[in-house]
>>> print(open('input_12.tsv').read())   # TSV, C-alpha atoms
chain	number	residue	atom	x	y	z
V	1	MET	CA	-32.32	5.01	6.89
V	2	ASP	CA	-32.19	5.72	3.19
V	3	PHE	CA	-29.12	4.23	1.53
V	4	ILE	CA	-27.85	7.51	0.09
V	5	GLU	CA	-28.30	9.22	3.44
V	6	VAL	CA	-26.27	6.49	5.16
V	7	VAL	CA	-23.41	6.87	2.69
V	8	ASN	CA	-23.44	10.64	3.10
V	9	LYS	CA	-23.61	10.52	6.88
V	10	ARG	CA	-20.87	7.96	7.43
V	11	MET	CA	-17.67	9.42	8.72
V	12	SER	CA	-14.80	8.39	10.92
V	13	ILE	CA	-15.75	8.81	14.57
V	14	ARG	CA	-12.83	9.19	16.92
V	15	ALA	CA	-14.57	10.14	20.19
V	16	PHE	CA	-17.12	7.99	21.96
V	17	ASP	CA	-19.59	8.50	24.79
V	18	LYS	CA	-18.52	6.11	27.53
V	19	GLU	CA	-21.82	6.25	29.40
V	20	LYS	CA	-24.04	5.70	26.38
V	21	ASN	CA	-21.70	2.97	25.14
V	22	LYS	CA	-22.94	0.75	27.97
V	23	LYS	CA	-26.25	0.40	26.17
V	24	ILE	CA	-24.67	-1.34	23.18
V	25	SER	CA	-25.38	-5.04	23.46
V	26	ASP	CA	-23.44	-7.85	21.86
V	27	GLU	CA	-26.56	-8.62	19.83
V	28	VAL	CA	-26.32	-5.26	18.09
V	29	ILE	CA	-22.72	-5.96	17.12
V	30	LEU	CA	-23.58	-9.45	15.91
V	31	GLU	CA	-26.40	-8.07	13.76
V	32	LEU	CA	-23.96	-5.61	12.21
V	33	LEU	CA	-21.57	-8.43	11.40
V	34	GLU	CA	-24.39	-10.52	9.95
V	35	LEU	CA	-25.03	-7.63	7.61
V	36	ALA	CA	-21.33	-7.20	6.84
V	37	ILE	CA	-20.97	-10.76	5.63
V	38	LYS	CA	-23.52	-10.11	2.90
V	39	ALA	CA	-20.53	-8.65	1.08
V	40	PRO	CA	-19.47	-10.60	-1.98
V	41	SER	CA	-16.24	-12.59	-1.83
V	42	ALA	CA	-13.99	-14.28	-4.34
V	43	GLY	CA	-15.39	-17.72	-5.09
V	44	ASN	CA	-17.77	-17.16	-2.15
V	45	LEU	CA	-14.89	-18.27	0.09
V	46	GLN	CA	-15.75	-15.54	2.60
V	47	SER	CA	-12.14	-15.24	3.64
V	48	TRP	CA	-12.93	-12.82	6.44
V	49	GLU	CA	-12.69	-13.27	10.19
V	50	PHE	CA	-13.63	-10.98	13.03
V	51	ILE	CA	-12.40	-10.79	16.59
V	52	ILE	CA	-14.73	-8.96	18.96
V	53	VAL	CA	-12.82	-7.41	21.83
V	54	LYS	CA	-14.60	-5.97	24.88
V	55	ASP	CA	-11.99	-6.46	27.60
V	56	GLN	CA	-10.69	-3.01	28.48
V	57	GLU	CA	-7.11	-4.06	29.11
V	58	THR	CA	-6.94	-5.82	25.73
V	59	LYS	CA	-8.43	-2.75	24.06
V	60	ASN	CA	-5.83	-0.58	25.76
V	61	ARG	CA	-3.02	-2.78	24.52
V	62	LEU	CA	-4.44	-2.71	21.00
V	63	ALA	CA	-4.70	1.10	21.16
V	64	ARG	CA	-1.01	1.24	22.05
V	65	ALA	CA	-0.20	-1.10	19.15
V	66	ALA	CA	-2.21	1.31	16.98
V	67	LEU	CA	0.47	3.96	17.47
V	68	ASN	CA	-1.17	5.18	20.69
V	69	GLN	CA	-4.42	6.21	19.11
V	70	ARG	CA	-6.28	6.38	22.39
V	71	PHE	CA	-9.80	6.36	20.90
V	72	VAL	CA	-9.21	2.84	19.59
V	73	ALA	CA	-9.84	1.64	23.17
V	74	GLU	CA	-12.87	3.82	23.75
V	75	GLY	CA	-15.65	2.11	21.85
V	76	SER	CA	-17.88	-0.42	23.55
V	77	HIS	CA	-16.67	-3.11	21.17
V	78	LEU	CA	-13.49	-3.24	19.16
V	79	ILE	CA	-13.73	-5.33	16.02
V	80	VAL	CA	-10.47	-6.67	14.65
V	81	ALA	CA	-11.12	-7.52	11.03
V	82	CYS	CA	-8.83	-10.12	9.50
V	83	ALA	CA	-8.20	-11.56	6.06
V	84	ASN	CA	-7.89	-15.33	6.02
V	85	GLN	CA	-5.15	-15.37	3.41
V	86	GLU	CA	-4.54	-19.09	3.74
V	87	LEU	CA	-8.17	-19.90	2.99
V	88	SER	CA	-8.26	-17.87	-0.21
V	89	ALA	CA	-4.81	-19.12	-1.24
V	90	THR	CA	-5.94	-22.76	-1.08
V	91	VAL	CA	-8.08	-22.03	-4.13
V	92	TYR	CA	-6.43	-19.01	-5.75
V	93	GLY	CA	-2.74	-19.20	-4.78
V	94	ASN	CA	-0.88	-15.91	-4.52
V	95	ARG	CA	-3.77	-13.92	-5.92
V	96	GLY	CA	-5.93	-15.22	-3.09
V	97	TRP	CA	-3.27	-14.47	-0.49
V	98	ASP	CA	-2.31	-10.97	-1.67
V	99	LEU	CA	-5.51	-9.67	-3.18
V	100	TYR	CA	-8.78	-11.57	-2.85
V	101	SER	CA	-8.61	-12.21	0.90
V	102	ILE	CA	-7.82	-8.53	1.53
V	103	GLN	CA	-10.70	-7.51	-0.74
V	104	ASP	CA	-13.16	-9.94	0.85
V	105	VAL	CA	-12.68	-8.58	4.34
V	106	THR	CA	-12.48	-4.98	3.16
V	107	ALA	CA	-15.83	-5.24	1.38
V	108	ALA	CA	-17.34	-6.60	4.61
V	109	ILE	CA	-15.75	-3.76	6.61
V	110	MET	CA	-17.32	-1.18	4.32
V	111	ILE	CA	-20.80	-2.62	4.88
V	112	LEU	CA	-20.09	-2.79	8.62
V	113	LEU	CA	-19.20	0.91	8.72
V	114	LEU	CA	-22.34	1.86	6.82
V	115	GLY	CA	-24.41	-0.41	9.05
V	116	VAL	CA	-23.01	1.34	12.12
V	117	THR	CA	-24.05	4.71	10.72
V	118	ASN	CA	-27.48	3.35	9.84
V	119	ILE	CA	-28.28	2.72	13.51
V	120	GLY	CA	-26.84	5.96	14.83
V	121	LEU	CA	-23.57	4.58	16.13
V	122	GLY	CA	-20.08	5.60	15.12
V	123	ALA	CA	-16.92	3.77	14.12
V	124	CYS	CA	-13.49	4.38	12.76
V	125	TRP	CA	-11.46	2.24	10.40
V	126	VAL	CA	-7.96	2.15	11.85
V	127	GLY	CA	-5.33	0.68	9.57
V	128	ALA	CA	-2.25	2.14	11.23
V	129	PHE	CA	-0.97	-0.38	13.76
V	130	ARG	CA	2.05	-2.55	14.39
V	131	GLU	CA	0.88	-5.84	12.95
V	132	PRO	CA	3.25	-8.15	14.90
V	133	GLU	CA	2.09	-6.58	18.16
V	134	VAL	CA	-1.60	-7.00	17.28
V	135	ARG	CA	-0.92	-10.61	16.29
V	136	GLU	CA	0.79	-11.25	19.58
V	137	ILE	CA	-1.92	-9.63	21.73
V	138	LEU	CA	-4.70	-11.61	20.04
V	139	GLY	CA	-2.89	-14.82	19.15
V	140	ILE	CA	-3.50	-14.44	15.44
V	141	PRO	CA	-1.72	-17.19	13.49
V	142	GLN	CA	0.24	-16.85	10.27
V	143	GLY	CA	-2.09	-17.16	7.30
V	144	VAL	CA	-4.55	-14.79	8.93
V	145	LYS	CA	-3.79	-11.08	8.60
V	146	PRO	CA	-5.34	-8.39	10.81
V	147	VAL	CA	-6.19	-5.52	8.45
V	148	ALA	CA	-8.28	-3.13	10.52
V	149	LEU	CA	-9.12	-2.20	14.09
V	150	ILE	CA	-12.64	-0.83	14.27
V	151	PRO	CA	-13.88	0.71	17.52
V	152	ILE	CA	-17.67	1.00	17.63
V	153	GLY	CA	-19.60	3.20	20.04
V	154	TYR	CA	-21.88	6.16	20.50
V	155	PRO	CA	-20.35	9.25	18.88
V	156	LYS	CA	-19.39	11.83	21.51
V	157	LYS	CA	-19.66	14.83	19.26
V	158	VAL	CA	-20.41	15.03	15.59
V	159	ALA	CA	-18.54	18.26	15.00
V	160	GLU	CA	-16.04	16.27	12.96
V	161	LYS	CA	-16.50	16.45	9.23
V	162	SER	CA	-15.54	14.02	6.54
V	163	PRO	CA	-12.34	15.22	4.86
V	164	PRO	CA	-12.92	16.67	1.40
V	165	ARG	CA	-12.63	14.44	-1.63
V	166	LYS	CA	-10.60	15.32	-4.67
V	167	ASN	CA	-12.78	16.09	-7.64
V	168	LEU	CA	-13.76	12.82	-9.29
V	169	LYS	CA	-12.32	13.96	-12.62
V	170	TYR	CA	-8.79	13.55	-11.25
V	171	LYS	CA	-9.52	9.89	-10.60
V	172	LEU	CA	-11.32	9.13	-13.84
V	173	HIS	CA	-10.20	7.86	-17.21
V	174	PHE	CA	-12.32	7.20	-20.27
V	175	GLU	CA	-11.73	4.13	-22.41
V	176	LYS	CA	-8.00	4.07	-21.53
V	177	TYR	CA	-5.84	4.98	-18.56
J	1	MET	CA	-34.16	2.46	-0.98
J	2	ASP	CA	-33.69	1.54	2.66
J	3	PHE	CA	-30.08	0.72	3.47
J	4	ILE	CA	-30.78	-2.76	4.83
J	5	GLU	CA	-32.89	-3.58	1.80
J	6	VAL	CA	-30.07	-2.51	-0.52
J	7	VAL	CA	-27.57	-4.73	1.30
J	8	ASN	CA	-29.97	-7.68	1.17
J	9	LYS	CA	-30.87	-7.19	-2.48
J	10	ARG	CA	-27.35	-6.78	-3.79
J	11	MET	CA	-26.07	-9.77	-5.67
J	12	SER	CA	-23.72	-10.52	-8.50
J	13	ILE	CA	-25.51	-10.00	-11.81
J	14	ARG	CA	-24.03	-11.90	-14.73
J	15	ALA	CA	-26.64	-11.35	-17.43
J	16	PHE	CA	-27.67	-7.98	-18.77
J	17	ASP	CA	-30.51	-6.67	-20.94
J	18	LYS	CA	-28.84	-5.22	-24.03
J	19	GLU	CA	-31.86	-3.21	-25.09
J	20	LYS	CA	-32.54	-1.64	-21.71
J	21	ASN	CA	-28.83	-0.98	-21.22
J	22	LYS	CA	-29.06	1.72	-23.89
J	23	LYS	CA	-30.98	3.86	-21.41
J	24	ILE	CA	-28.06	4.08	-18.99
J	25	SER	CA	-26.42	7.46	-19.40
J	26	ASP	CA	-22.87	8.39	-18.48
J	27	GLU	CA	-24.35	10.73	-15.87
J	28	VAL	CA	-25.83	7.79	-13.97
J	29	ILE	CA	-22.44	6.11	-13.87
J	30	LEU	CA	-20.71	9.29	-12.76
J	31	GLU	CA	-23.23	9.73	-9.96
J	32	LEU	CA	-22.52	6.20	-8.80
J	33	LEU	CA	-18.80	6.92	-8.75
J	34	GLU	CA	-19.38	10.19	-6.87
J	35	LEU	CA	-21.10	8.10	-4.24
J	36	ALA	CA	-18.37	5.46	-4.27
J	37	ILE	CA	-15.67	7.97	-3.44
J	38	LYS	CA	-17.41	8.80	-0.17
J	39	ALA	CA	-15.60	5.69	1.05
J	40	PRO	CA	-12.93	6.36	3.65
J	41	SER	CA	-9.31	5.99	2.63
J	42	ALA	CA	-6.00	5.77	4.46
J	43	GLY	CA	-4.82	9.29	5.21
J	44	ASN	CA	-7.61	10.51	2.93
J	45	LEU	CA	-5.24	9.80	0.03
J	46	GLN	CA	-8.10	8.36	-2.01
J	47	SER	CA	-5.76	6.00	-3.78
J	48	TRP	CA	-8.45	4.78	-6.16
J	49	GLU	CA	-8.82	5.28	-9.90
J	50	PHE	CA	-11.55	4.25	-12.28
J	51	ILE	CA	-11.50	3.62	-15.99
J	52	ILE	CA	-14.91	3.76	-17.65
J	53	VAL	CA	-15.03	1.59	-20.75
J	54	LYS	CA	-17.92	1.76	-23.19
J	55	ASP	CA	-16.23	0.78	-26.44
J	56	GLN	CA	-17.54	-2.68	-27.34
J	57	GLU	CA	-14.30	-3.96	-28.82
J	58	THR	CA	-12.36	-2.93	-25.69
J	59	LYS	CA	-15.00	-4.58	-23.51
J	60	ASN	CA	-14.70	-7.75	-25.58
J	61	ARG	CA	-10.94	-7.80	-25.16
J	62	LEU	CA	-11.30	-7.28	-21.41
J	63	ALA	CA	-13.84	-10.11	-21.22
J	64	ARG	CA	-11.30	-12.39	-22.91
J	65	ALA	CA	-8.64	-11.25	-20.43
J	66	ALA	CA	-11.15	-12.11	-17.70
J	67	LEU	CA	-10.83	-15.79	-18.58
J	68	ASN	CA	-13.51	-15.51	-21.25
J	69	GLN	CA	-16.27	-14.48	-18.91
J	70	ARG	CA	-18.53	-13.24	-21.68
J	71	PHE	CA	-20.88	-11.20	-19.46
J	72	VAL	CA	-17.99	-8.87	-18.58
J	73	ALA	CA	-18.53	-7.28	-22.01
J	74	GLU	CA	-22.30	-7.11	-21.75
J	75	GLY	CA	-22.97	-4.22	-19.40
J	76	SER	CA	-23.51	-0.73	-20.77
J	77	HIS	CA	-20.43	0.48	-18.93
J	78	LEU	CA	-17.48	-1.50	-17.67
J	79	ILE	CA	-15.70	0.06	-14.73
J	80	VAL	CA	-12.10	-0.96	-14.23
J	81	ALA	CA	-11.29	-0.15	-10.62
J	82	CYS	CA	-7.63	0.40	-9.84
J	83	ALA	CA	-5.50	0.89	-6.74
J	84	ASN	CA	-2.98	3.68	-7.06
J	85	GLN	CA	-0.29	1.85	-5.14
J	86	GLU	CA	2.35	4.43	-5.87
J	87	LEU	CA	0.25	7.24	-4.40
J	88	SER	CA	-0.35	5.43	-1.12
J	89	ALA	CA	3.27	4.27	-0.97
J	90	THR	CA	4.57	7.84	-1.16
J	91	VAL	CA	3.17	8.32	2.35
J	92	TYR	CA	2.96	4.81	3.78
J	93	GLY	CA	5.68	2.80	2.03
J	94	ASN	CA	5.05	-0.91	1.61
J	95	ARG	CA	1.94	-0.84	3.75
J	96	GLY	CA	0.46	1.72	1.37
J	97	TRP	CA	1.46	-0.30	-1.69
J	98	ASP	CA	0.33	-3.73	-0.48
J	99	LEU	CA	-2.57	-2.94	1.79
J	100	TYR	CA	-4.00	0.57	2.05
J	101	SER	CA	-4.29	1.26	-1.68
J	102	ILE	CA	-6.06	-2.07	-2.18
J	103	GLN	CA	-8.38	-1.32	0.72
J	104	ASP	CA	-9.15	2.23	-0.44
J	105	VAL	CA	-10.37	1.13	-3.85
J	106	THR	CA	-12.14	-1.94	-2.47
J	107	ALA	CA	-14.14	0.17	-0.02
J	108	ALA	CA	-15.18	2.40	-2.92
J	109	ILE	CA	-16.13	-0.65	-5.00
J	110	MET	CA	-18.39	-1.92	-2.23
J	111	ILE	CA	-20.31	1.37	-2.13
J	112	LEU	CA	-20.47	1.36	-5.93
J	113	LEU	CA	-22.07	-2.11	-5.94
J	114	LEU	CA	-24.62	-1.10	-3.33
J	115	GLY	CA	-25.31	2.12	-5.23
J	116	VAL	CA	-25.97	0.12	-8.39
J	117	THR	CA	-28.51	-2.03	-6.54
J	118	ASN	CA	-30.11	1.06	-5.03
J	119	ILE	CA	-31.15	2.32	-8.48
J	120	GLY	CA	-32.32	-1.02	-9.84
J	121	LEU	CA	-29.27	-1.80	-11.94
J	122	GLY	CA	-27.00	-4.80	-11.65
J	123	ALA	CA	-23.25	-5.33	-11.50
J	124	CYS	CA	-20.69	-8.00	-10.88
J	125	TRP	CA	-17.32	-7.72	-9.20
J	126	VAL	CA	-14.93	-9.67	-11.38
J	127	GLY	CA	-11.52	-10.27	-9.86
J	128	ALA	CA	-10.42	-13.18	-12.03
J	129	PHE	CA	-8.46	-11.76	-14.96
J	130	ARG	CA	-4.98	-11.84	-16.41
J	131	GLU	CA	-3.56	-8.63	-15.01
J	132	PRO	CA	-0.79	-8.09	-17.58
J	133	GLU	CA	-3.33	-8.39	-20.39
J	134	VAL	CA	-5.71	-5.88	-18.76
J	135	ARG	CA	-2.78	-3.50	-18.21
J	136	GLU	CA	-1.81	-3.80	-21.85
J	137	ILE	CA	-5.33	-3.25	-23.20
J	138	LEU	CA	-5.88	-0.14	-21.09
J	139	GLY	CA	-2.36	1.24	-20.89
J	140	ILE	CA	-2.24	1.02	-17.10
J	141	PRO	CA	1.22	1.96	-15.83
J	142	GLN	CA	3.23	0.27	-13.10
J	143	GLY	CA	2.27	1.70	-9.71
J	144	VAL	CA	-1.40	1.45	-10.57
J	145	LYS	CA	-3.01	-1.97	-10.14
J	146	PRO	CA	-6.30	-2.97	-11.74
J	147	VAL	CA	-8.17	-4.93	-9.05
J	148	ALA	CA	-11.67	-5.39	-10.41
J	149	LEU	CA	-13.66	-5.36	-13.64
J	150	ILE	CA	-17.22	-4.29	-12.93
J	151	PRO	CA	-19.82	-4.51	-15.71
J	152	ILE	CA	-22.91	-2.44	-14.95
J	153	GLY	CA	-26.25	-2.82	-16.69
J	154	TYR	CA	-29.88	-3.75	-16.42
J	155	PRO	CA	-30.23	-7.24	-14.97
J	156	LYS	CA	-31.65	-9.67	-17.54
J	157	LYS	CA	-33.20	-12.04	-15.07
J	158	VAL	CA	-33.10	-12.04	-11.32
J	159	ALA	CA	-33.51	-15.75	-10.91
J	160	GLU	CA	-29.94	-15.84	-9.62
J	161	LYS	CA	-29.55	-15.98	-5.89
J	162	SER	CA	-26.75	-14.86	-3.66
J	163	PRO	CA	-24.67	-17.88	-2.65
J	164	PRO	CA	-25.22	-18.95	0.96
J	165	ARG	CA	-22.99	-17.56	3.68
J	166	LYS	CA	-21.29	-19.73	6.25
J	167	ASN	CA	-22.77	-19.25	9.69
J	168	LEU	CA	-21.17	-16.19	11.26
J	169	LYS	CA	-20.04	-18.23	14.25
J	170	TYR	CA	-17.41	-19.93	12.12
J	171	LYS	CA	-15.89	-16.54	11.38
J	172	LEU	CA	-16.08	-15.09	14.88
J	173	HIS	CA	-13.72	-15.02	17.80
J	174	PHE	CA	-14.28	-13.45	21.19
J	175	GLU	CA	-11.47	-11.56	22.90
J	176	LYS	CA	-8.79	-13.69	21.23
J	177	TYR	CA	-8.33	-15.50	17.93
>>> encode(input="input_12.tsv", output="structure tokens")
Amino acid sequence: MDFIEVVNKRMSIRAFDKEKNKKISDEVILELLELAIKAPSAGNLQSWEFIIVKDQETKNRLARAALNQRFVAEGSHLIVACANQELSATVYGNRGWDLYSIQDVTAAIMILLLGVTNIGLGACWVGAFREPEVREILGIPQGVKPVALIPIGYPKKVAEKSPPRKNLKYKLHFEKY
Amino acid sequence: MDFIEVVNKRMSIRAFDKEKNKKISDEVILELLELAIKAPSAGNLQSWEFIIVKDQETKNRLARAALNQRFVAEGSHLIVACANQELSATVYGNRGWDLYSIQDVTAAIMILLLGVTNIGLGACWVGAFREPEVREILGIPQGVKPVALIPIGYPKKVAEKSPPRKNLKYKLHFEKY
């Protein structure tokens, strides 16, 4: 699909088609992640990690940890995107821990979401979850921070619309803040 | 351009064509930013801000603050992407300040970089800079954090190649970390 069209079409999908979801193979998800890791990263450290969750009971537990957002469990695959803070900090110290590792994985997430749209699937970037609970469910060690839960599946309905953006001029400054 | 092609072609450009740069209008940059803000954001707060710098002396000062990376001053436009931490924190507290605001602007940056590639321009995401110095040069207040300096211009040579990625399998986990 044309790049501009993909950007315009992408939106948060919060309802998935359970039947159609069965057609989504692991290969499709892996290809999306291969694309995602073409994102740039600080010092090319690639301080991202991804946990692919398919087990329904684990997805249910993660949905509960995500403040009971039920749709989190309803994709075919749930990607848990993590920042490897320790990895980036080995080279960049605090700036790697607090900033670069978060940015690395976030850049990859953005490509992932666009890639999902490009092949007619839907996804939602869920940032609202109880981090200690997600860590516990998935056995994520200190030094690695889960930053997003991303259910992927066939969109059930596309009646949803992207929320409006504030006019760019309110976010812009020229030459100085 | 096709989405996949854009993702594959995007790379960090660190040398710009000064002559050709003159052809890049402000409108082109504004269109790129309009595209960038189609990124999702936590609670649709859109906690991103952008400073567009064209003044050569300001660009030079920012390049010095960026650990003397000379090319930072050599695009036609230098975008300083900022996280409005205060805005996100008003709704989400610490998680907004530390995480969501950084993610919001980073997602927008990723679309910006792809958008630049899509129209045959080049850019580089520069994260290595002395933050207090950048704040001082641009008058950025507390509560707003500059996270990236992004020079945009015509690529001088495309002999550069994207650095290799680690095999995805080293970044992947199935069902558990």
>>> atom_distance(input="input_12.tsv", atom1="atom CA of Gln142 of chain J", atom2="atom CA of Glu27 of chain J")
29.6 Å
>>> residues_around(input="input_12.tsv", residues="Gly143 of chain V", least_positions_apart="6", cutoff="12 Å", atoms="all atoms listed in the file", output="PyMOL selection string")
chain V and resi 47-49+82-90+94+96-98+101-102+135
>>> closest_residue(input="input_12.tsv", among="V:Ser76, V:Ser25, V:Asn118, V:Asn68", to="chain J", atoms="all atoms listed in the file")
V:Asn118
>>> closest_residue(input="input_12.tsv", among="J:Arg130, J:Lys54, J:Arg14, J:His77", to="chain V", atoms="only C-alpha atoms")
J:Lys54
>>> axis_aligned_box(input="input_12.tsv", around="segment 64-71 of chain V", padding_each_side="5 Å", output="JSON")
{"center_x": -4.7, "center_y": 2.6, "center_z": 19.7, "size_x": 20.3, "size_y": 17.5, "size_z": 15.4}
>>> closest_residue(input="input_12.tsv", among="V:Ala123, V:Ile140, V:Leu62, V:Ile79", to="chain J", atoms="only C-alpha atoms")
V:Ile140
>>> closest_atom_pairs(input="input_12.tsv", of="chain J", to="chain V", cutoff="7 Å", atoms="all atoms listed in the file", output="JSON lines")
{"residue": "J:Met1", "atom": "CA", "partner": "V:Asp2", "partner_atom": "CA", "distance": 5.6}
{"residue": "J:Asp2", "atom": "CA", "partner": "V:Asp2", "partner_atom": "CA", "distance": 4.5}
{"residue": "J:Phe3", "atom": "CA", "partner": "V:Phe3", "partner_atom": "CA", "distance": 4.1}
{"residue": "J:Val7", "atom": "CA", "partner": "V:Lys38", "partner_atom": "CA", "distance": 6.9}
{"residue": "J:Glu34", "atom": "CA", "partner": "V:Leu168", "partner_atom": "CA", "distance": 6.7}
{"residue": "J:Lys38", "atom": "CA", "partner": "V:Val7", "partner_atom": "CA", "distance": 6.9}
{"residue": "J:Asn44", "atom": "CA", "partner": "V:Pro163", "partner_atom": "CA", "distance": 6.9}
{"residue": "J:Trp48", "atom": "CA", "partner": "V:Lys171", "partner_atom": "CA", "distance": 6.9}
{"residue": "J:Glu49", "atom": "CA", "partner": "V:Lys171", "partner_atom": "CA", "distance": 4.7}
{"residue": "J:Phe50", "atom": "CA", "partner": "V:Leu172", "partner_atom": "CA", "distance": 5.1}
{"residue": "J:Ile51", "atom": "CA", "partner": "V:His173", "partner_atom": "CA", "distance": 4.6}
{"residue": "J:Ile52", "atom": "CA", "partner": "V:Phe174", "partner_atom": "CA", "distance": 5.0}
{"residue": "J:Val53", "atom": "CA", "partner": "V:Glu175", "partner_atom": "CA", "distance": 4.5}
{"residue": "J:Lys54", "atom": "CA", "partner": "V:Glu175", "partner_atom": "CA", "distance": 6.7}
{"residue": "J:Asp55", "atom": "CA", "partner": "V:Glu175", "partner_atom": "CA", "distance": 6.9}
{"residue": "J:Gln103", "atom": "CA", "partner": "V:Thr106", "partner_atom": "CA", "distance": 6.0}
{"residue": "J:Thr106", "atom": "CA", "partner": "V:Gln103", "partner_atom": "CA", "distance": 6.0}
{"residue": "J:Ala107", "atom": "CA", "partner": "V:Met110", "partner_atom": "CA", "distance": 5.5}
{"residue": "J:Met110", "atom": "CA", "partner": "V:Ala107", "partner_atom": "CA", "distance": 5.5}
{"residue": "J:Leu138", "atom": "CA", "partner": "V:Lys176", "partner_atom": "CA", "distance": 4.7}
{"residue": "J:Gly139", "atom": "CA", "partner": "V:Tyr177", "partner_atom": "CA", "distance": 5.6}
{"residue": "J:Ile140", "atom": "CA", "partner": "V:Tyr177", "partner_atom": "CA", "distance": 5.5}
{"residue": "J:Pro163", "atom": "CA", "partner": "V:Asn44", "partner_atom": "CA", "distance": 7.0}
{"residue": "J:Leu168", "atom": "CA", "partner": "V:Glu34", "partner_atom": "CA", "distance": 6.7}
{"residue": "J:Lys171", "atom": "CA", "partner": "V:Glu49", "partner_atom": "CA", "distance": 4.7}
{"residue": "J:Leu172", "atom": "CA", "partner": "V:Phe50", "partner_atom": "CA", "distance": 5.1}
{"residue": "J:His173", "atom": "CA", "partner": "V:Ile51", "partner_atom": "CA", "distance": 4.6}
{"residue": "J:Phe174", "atom": "CA", "partner": "V:Ile52", "partner_atom": "CA", "distance": 5.0}
{"residue": "J:Glu175", "atom": "CA", "partner": "V:Val53", "partner_atom": "CA", "distance": 4.5}
{"residue": "J:Lys176", "atom": "CA", "partner": "V:Leu138", "partner_atom": "CA", "distance": 4.7}
{"residue": "J:Tyr177", "atom": "CA", "partner": "V:Ile140", "partner_atom": "CA", "distance": 5.5}
>>> atom_distance(input="input_12.tsv", atom1="atom CA of Ala73 of chain J", atom2="atom CA of Arg61 of chain J")
8.2 Å
>>> residues_near_point(input="input_12.tsv", point="(-28.2, -5.4, -26.1)", cutoff="9 Å", atoms="all atoms listed in the file", output="list in words")
Phe16, Asp17, Lys18, Glu19, Lys20, Asn21, Lys22, Glu74, Gly75 and Ser76 of chain J
>>> closest_residue(input="input_12.tsv", among="V:Ala15, V:Ile24, V:Ala66, V:Leu121", to="Lys156 of chain V", atoms="only C-alpha atoms")
V:Ala15
>>> atom_distance(input="input_12.tsv", atom1="atom CA of Ala65 of chain J", atom2="atom CA of Val134 of chain J")
6.3 Å
>>> closest_residue(input="input_12.tsv", among="J:Pro146, J:Pro132, J:Gly93, J:Gly153", to="Ile13 of chain J", atoms="all atoms listed in the file")
J:Gly153
>>> build_atoms(input="input_12.tsv", residues="segment 77-88 of chain V", atoms="N, CA and C atoms", output="PDB file, in the coordinates of the input")
ATOM      1  N   HIS V  77     -17.213  -1.902  21.777  1.00  0.00           N
ATOM      2  CA  HIS V  77     -16.670  -3.110  21.170  1.00  0.00           C
ATOM      3  C   HIS V  77     -15.582  -2.705  20.180  1.00  0.00           C
ATOM      4  N   LEU V  78     -14.527  -3.463  20.165  1.00  0.00           N
ATOM      5  CA  LEU V  78     -13.490  -3.240  19.160  1.00  0.00           C
ATOM      6  C   LEU V  78     -13.469  -4.458  18.243  1.00  0.00           C
ATOM      7  N   ILE V  79     -13.735  -4.220  16.977  1.00  0.00           N
ATOM      8  CA  ILE V  79     -13.730  -5.330  16.020  1.00  0.00           C
ATOM      9  C   ILE V  79     -12.361  -5.365  15.337  1.00  0.00           C
ATOM     10  N   VAL V  80     -11.723  -6.506  15.386  1.00  0.00           N
ATOM     11  CA  VAL V  80     -10.470  -6.670  14.650  1.00  0.00           C
ATOM     12  C   VAL V  80     -10.786  -7.514  13.425  1.00  0.00           C
ATOM     13  N   ALA V  81     -10.753  -6.848  12.280  1.00  0.00           N
ATOM     14  CA  ALA V  81     -11.120  -7.520  11.030  1.00  0.00           C
ATOM     15  C   ALA V  81      -9.878  -8.133  10.403  1.00  0.00           C
ATOM     16  N   CYS V  82      -9.990  -9.387  10.024  1.00  0.00           N
ATOM     17  CA  CYS V  82      -8.830 -10.120   9.500  1.00  0.00           C
ATOM     18  C   CYS V  82      -9.141 -10.743   8.136  1.00  0.00           C
ATOM     19  N   ALA V  83      -8.101 -10.833   7.324  1.00  0.00           N
ATOM     20  CA  ALA V  83      -8.200 -11.560   6.060  1.00  0.00           C
ATOM     21  C   ALA V  83      -7.643 -12.962   6.290  1.00  0.00           C
ATOM     22  N   ASN V  84      -8.421 -13.966   5.956  1.00  0.00           N
ATOM     23  CA  ASN V  84      -7.890 -15.330   6.020  1.00  0.00           C
ATOM     24  C   ASN V  84      -7.192 -15.622   4.699  1.00  0.00           C
ATOM     25  N   GLN V  85      -5.918 -15.257   4.658  1.00  0.00           N
ATOM     26  CA  GLN V  85      -5.150 -15.370   3.410  1.00  0.00           C
ATOM     27  C   GLN V  85      -4.971 -16.827   3.008  1.00  0.00           C
ATOM     28  N   GLU V  86      -4.773 -17.669   4.009  1.00  0.00           N
ATOM     29  CA  GLU V  86      -4.540 -19.090   3.740  1.00  0.00           C
ATOM     30  C   GLU V  86      -5.757 -19.717   3.062  1.00  0.00           C
ATOM     31  N   LEU V  87      -6.934 -19.359   3.553  1.00  0.00           N
ATOM     32  CA  LEU V  87      -8.170 -19.900   2.990  1.00  0.00           C
ATOM     33  C   LEU V  87      -8.295 -19.548   1.506  1.00  0.00           C
ATOM     34  N   SER V  88      -8.104 -18.283   1.181  1.00  0.00           N
ATOM     35  CA  SER V  88      -8.260 -17.870  -0.210  1.00  0.00           C
ATOM     36  C   SER V  88      -7.135 -18.447  -1.074  1.00  0.00           C
TER      37      SER V  88
END
